[in-house]
>>> print(open('run_34.tsv').read())   # TSV, C-alpha atoms
chain	number	residue	atom	x	y	z
E	1	MET	CA	-23.64	-36.51	-3.49
E	2	THR	CA	-21.00	-35.04	-5.80
E	3	ALA	CA	-18.40	-32.56	-4.68
E	4	ALA	CA	-18.71	-28.99	-5.83
E	5	PRO	CA	-16.37	-28.11	-8.67
E	6	ALA	CA	-13.16	-26.47	-7.52
E	7	LEU	CA	-12.98	-22.76	-8.06
E	8	PRO	CA	-10.31	-21.67	-10.51
E	9	GLU	CA	-7.13	-20.29	-9.02
E	10	SER	CA	-7.24	-16.51	-8.77
E	11	PRO	CA	-4.53	-14.65	-10.69
E	12	PHE	CA	-4.19	-12.42	-7.62
E	13	ASP	CA	-3.60	-15.29	-5.21
E	14	PRO	CA	-1.33	-17.94	-6.77
E	15	ALA	CA	-1.41	-21.31	-5.03
E	16	GLY	CA	1.37	-22.12	-2.61
E	17	VAL	CA	2.64	-18.55	-2.26
E	18	PRO	CA	3.23	-17.49	1.37
E	19	TRP	CA	2.23	-13.83	1.57
E	20	ALA	CA	3.84	-11.46	4.07
E	21	ARG	CA	1.65	-8.69	5.46
E	22	VAL	CA	2.57	-5.08	6.10
E	23	SER	CA	2.47	-3.53	9.55
E	24	PRO	CA	-0.96	-2.56	10.91
E	25	ARG	CA	0.67	0.73	11.98
E	26	LEU	CA	0.20	1.80	8.34
E	27	ILE	CA	-3.53	2.14	9.11
E	28	THR	CA	-2.84	4.70	11.85
E	29	VAL	CA	-0.42	6.65	9.67
E	30	ARG	CA	-2.87	6.77	6.76
E	31	LEU	CA	-5.78	7.77	9.02
E	32	ILE	CA	-3.74	10.64	10.48
E	33	SER	CA	-2.87	11.75	6.96
E	34	VAL	CA	-6.54	11.66	5.97
E	35	ALA	CA	-7.46	13.61	9.11
E	36	LEU	CA	-5.02	16.33	8.08
E	37	TRP	CA	-6.08	16.45	4.41
E	38	VAL	CA	-9.85	16.05	4.90
E	39	GLY	CA	-10.48	16.87	8.56
E	40	VAL	CA	-9.03	20.38	8.40
E	41	PRO	CA	-11.19	21.37	5.38
E	42	LEU	CA	-14.18	19.83	7.18
E	43	LEU	CA	-13.52	22.03	10.21
E	44	GLY	CA	-13.19	25.09	7.95
E	45	ALA	CA	-16.44	24.25	6.14
E	46	VAL	CA	-18.27	23.85	9.47
E	47	VAL	CA	-17.01	27.24	10.70
E	48	PHE	CA	-17.91	28.88	7.38
E	49	ALA	CA	-21.43	27.38	7.34
E	50	ALA	CA	-22.01	28.38	10.97
E	51	LEU	CA	-20.84	31.98	10.44
E	52	ALA	CA	-22.70	32.45	7.14
E	53	GLY	CA	-26.02	31.38	8.62
E	54	VAL	CA	-27.28	29.98	5.30
E	55	PRO	CA	-28.87	26.55	5.88
E	56	GLY	CA	-27.91	25.24	2.42
E	57	LEU	CA	-24.21	25.67	3.17
E	58	TRP	CA	-24.36	22.78	5.65
E	59	ALA	CA	-24.39	20.44	2.63
E	60	ILE	CA	-20.69	21.19	2.08
E	61	PRO	CA	-19.44	19.98	5.49
E	62	GLY	CA	-21.95	17.12	5.25
E	63	ALA	CA	-20.44	15.96	1.95
E	64	ILE	CA	-16.91	16.29	3.34
E	65	ALA	CA	-17.93	14.29	6.43
E	66	VAL	CA	-19.31	11.51	4.21
E	67	VAL	CA	-16.00	11.38	2.32
E	68	LEU	CA	-14.07	11.31	5.60
E	69	GLY	CA	-16.23	8.48	6.94
E	70	TRP	CA	-15.82	6.48	3.73
E	71	LEU	CA	-12.03	6.91	3.83
E	72	CYS	CA	-11.92	5.82	7.48
E	73	TRP	CA	-13.83	2.68	6.48
E	74	VAL	CA	-11.79	1.83	3.35
E	75	ILE	CA	-8.23	2.48	4.61
E	76	PRO	CA	-8.07	-0.52	6.99
E	77	ARG	CA	-9.40	-2.76	4.21
E	78	GLN	CA	-6.75	-1.46	1.79
E	79	VAL	CA	-3.94	-2.04	4.29
E	80	HIS	CA	-5.11	-5.58	5.05
E	81	ALA	CA	-5.12	-6.31	1.30
E	82	LEU	CA	-1.44	-5.33	0.94
E	83	GLY	CA	1.04	-8.17	0.78
E	84	TYR	CA	4.30	-9.30	-0.76
E	85	ALA	CA	5.96	-12.63	-1.43
E	86	GLU	CA	9.57	-13.44	-2.19
E	87	ARG	CA	9.89	-16.29	-4.66
E	88	ALA	CA	12.97	-17.88	-6.21
E	89	ASP	CA	13.07	-15.64	-9.31
E	90	ASP	CA	10.78	-12.73	-8.56
E	91	LEU	CA	8.98	-10.60	-6.00
E	92	LEU	CA	5.18	-10.47	-5.95
E	93	ILE	CA	3.32	-7.44	-4.61
E	94	ARG	CA	-0.46	-7.40	-4.31
E	95	LYS	CA	-2.79	-4.60	-3.33
E	96	GLY	CA	-6.35	-3.43	-3.69
E	97	VAL	CA	-9.76	-4.49	-2.50
E	98	MET	CA	-12.12	-3.54	-5.29
E	99	PHE	CA	-9.51	-2.90	-7.96
E	100	ARG	CA	-6.89	-5.56	-7.30
E	101	THR	CA	-3.34	-5.44	-8.62
E	102	LEU	CA	-0.60	-8.05	-8.68
E	103	VAL	CA	2.86	-6.78	-9.61
E	104	VAL	CA	5.56	-9.32	-10.47
E	105	VAL	CA	9.11	-7.94	-10.45
E	106	PRO	CA	11.83	-10.31	-11.67
E	107	TYR	CA	14.98	-9.88	-9.60
E	108	GLY	CA	17.09	-9.46	-12.74
E	109	ARG	CA	15.04	-6.40	-13.82
E	110	MET	CA	15.66	-4.40	-10.65
E	111	GLN	CA	18.00	-1.48	-11.09
E	112	PHE	CA	17.99	-0.23	-7.50
E	113	VAL	CA	15.91	-0.40	-4.33
E	114	ASP	CA	14.99	2.60	-2.16
E	115	VAL	CA	13.84	2.73	1.43
E	116	GLN	CA	11.77	5.83	2.14
E	117	ALA	CA	10.10	7.23	5.25
E	118	GLY	CA	8.49	10.64	5.64
E	119	PRO	CA	8.02	12.36	9.00
E	120	LEU	CA	4.66	10.70	9.66
E	121	ASP	CA	6.06	7.31	8.64
E	122	ARG	CA	9.01	7.71	10.99
E	123	TRP	CA	6.66	8.73	13.80
E	124	GLY	CA	4.60	5.60	13.11
E	125	GLY	CA	7.67	3.37	12.94
E	126	ILE	CA	7.21	2.29	9.33
E	127	ALA	CA	9.06	2.62	6.04
E	128	ARG	CA	8.40	2.07	2.34
E	129	VAL	CA	10.49	-0.07	-0.03
E	130	GLN	CA	10.43	1.27	-3.60
E	131	LEU	CA	11.73	-0.91	-6.44
E	132	HIS	CA	13.07	0.78	-9.54
E	133	THR	CA	13.12	-1.11	-12.83
E	134	ALA	CA	13.79	-0.16	-16.44
E	135	SER	CA	10.04	0.25	-16.96
E	136	PRO	CA	8.84	3.78	-16.20
E	137	SER	CA	5.33	2.49	-15.51
E	138	SER	CA	6.39	0.05	-12.79
E	139	ASP	CA	4.49	0.59	-9.54
E	140	ALA	CA	6.52	-1.69	-7.35
E	141	ALA	CA	6.41	-0.37	-3.81
E	142	ILE	CA	5.73	-1.95	-0.45
E	143	PRO	CA	4.55	0.58	2.14
E	144	GLY	CA	4.12	-0.06	5.84
E	145	LEU	CA	7.15	-2.19	6.64
E	146	SER	CA	9.02	-2.00	9.92
E	147	PRO	CA	12.39	-0.28	9.42
E	148	ALA	CA	14.24	-3.54	10.17
E	149	GLU	CA	12.15	-5.47	7.61
E	150	ALA	CA	12.60	-2.67	5.05
E	151	ASP	CA	16.40	-2.83	5.52
E	152	ARG	CA	16.41	-6.62	5.28
E	153	LEU	CA	14.25	-6.60	2.16
E	154	ARG	CA	16.34	-3.86	0.53
E	155	ASP	CA	19.57	-5.79	1.13
E	156	ARG	CA	18.09	-9.09	-0.03
E	157	LEU	CA	16.51	-7.64	-3.17
E	158	SER	CA	19.68	-5.74	-4.05
E	159	ALA	CA	21.79	-8.88	-3.67
E	160	LEU	CA	19.36	-10.98	-5.70
E	161	GLY	CA	19.13	-8.28	-8.37
E	162	GLU	CA	22.90	-8.07	-8.71
E	163	ALA	CA	23.23	-11.87	-8.85
E	164	ARG	CA	20.54	-12.20	-11.55
E	165	LEU	CA	21.92	-9.27	-13.56
E	166	ALA	CA	25.44	-10.67	-13.43
E	167	GLY	CA	24.13	-13.96	-14.79
E	168	LEU	CA	22.77	-12.36	-17.98
>>> encode(input="run_34.tsv", output="structure tokens")
Amino acid sequence: MTAAPALPESPFDPAGVPWARVSPRLITVRLISVALWVGVPLLGAVVFAALAGVPGLWAIPGAIAVVLGWLCWVIPRQVHALGYAERADDLLIRKGVMFRTLVVVPYGRMQFVDVQAGPLDRWGGIARVQLHTASPSSDAAIPGLSPAEADRLRDRLSALGEARLAGL
């Protein structure tokens, strides 16, 4: 019996790259955010449909509830798909379940690194590392890191960026 042919390497999962995961607390923070942005309108639509007494109006809270349920299903999958890897010359960031993205940021292209945390992020004990490059279309951000990991990554990326830039 012959062995099955090897599957080609995925461009989103390079061989030999150890991926670091983000904190699972990002799921809770995103679900709370969704509850505020979708749950409150759902509650308002339910009250409106109940007070109006028109049976057809119940389609509005029903549609909002479907969207809320779908978001509650997809958010954990999105968070589990997030990852980053520090290599010798660049940082890899991957995200997405259905529409996957792999961002490669060479250390020498980094201009500065931000650590951000809104009120909900701080409550959840997470932070976001944002990388700024010369490219305005760069979407290099790693959400859902513990504050200590975000500080470590910021310091490491800044040092590597300065070292690579000085070598040009």
>>> closest_residue(input="run_34.tsv", among="E:Leu91, E:Ala63, E:Ala15, E:Leu26", to="Leu120 (chain E)", atoms="only C-alpha atoms")
E:Leu26
>>> residues_around(input="run_34.tsv", residues="Arg156 (chain E)", least_positions_apart="3", cutoff="12 Å", atoms="only C-alpha atoms", output="MDAnalysis selection string")
chainID E and resid 86:88 90:91 107 110 112:113 129 149:153 159:163
>>> atom_distance(input="run_34.tsv", atom1="CA of Val79 (chain E)", atom2="CA of Val40 (chain E)")
23.4 Å
>>> residues_around(input="run_34.tsv", residues="Gly125 (chain E)", least_positions_apart="4", cutoff="9 Å", atoms="all atoms listed in the file", output="ChimeraX atom specification")
/E:25-26,117,120-121,144-147
>>> residues_around(input="run_34.tsv", residues="Phe99 (chain E)", least_positions_apart="5", cutoff="12 Å", atoms="all atoms listed in the file", output="list of chain:residue names")
E:Phe12, E:Gln78, E:Ala81, E:Arg94
>>> closest_residue(input="run_34.tsv", among="E:Pro119, E:Leu43, E:Leu102, E:Thr133", to="Pro11 (chain E)", atoms="all atoms listed in the file")
E:Leu102
>>> atom_distance(input="run_34.tsv", atom1="CA of Gln111 (chain E)", atom2="CA of Ile93 (chain E)")
17.1 Å
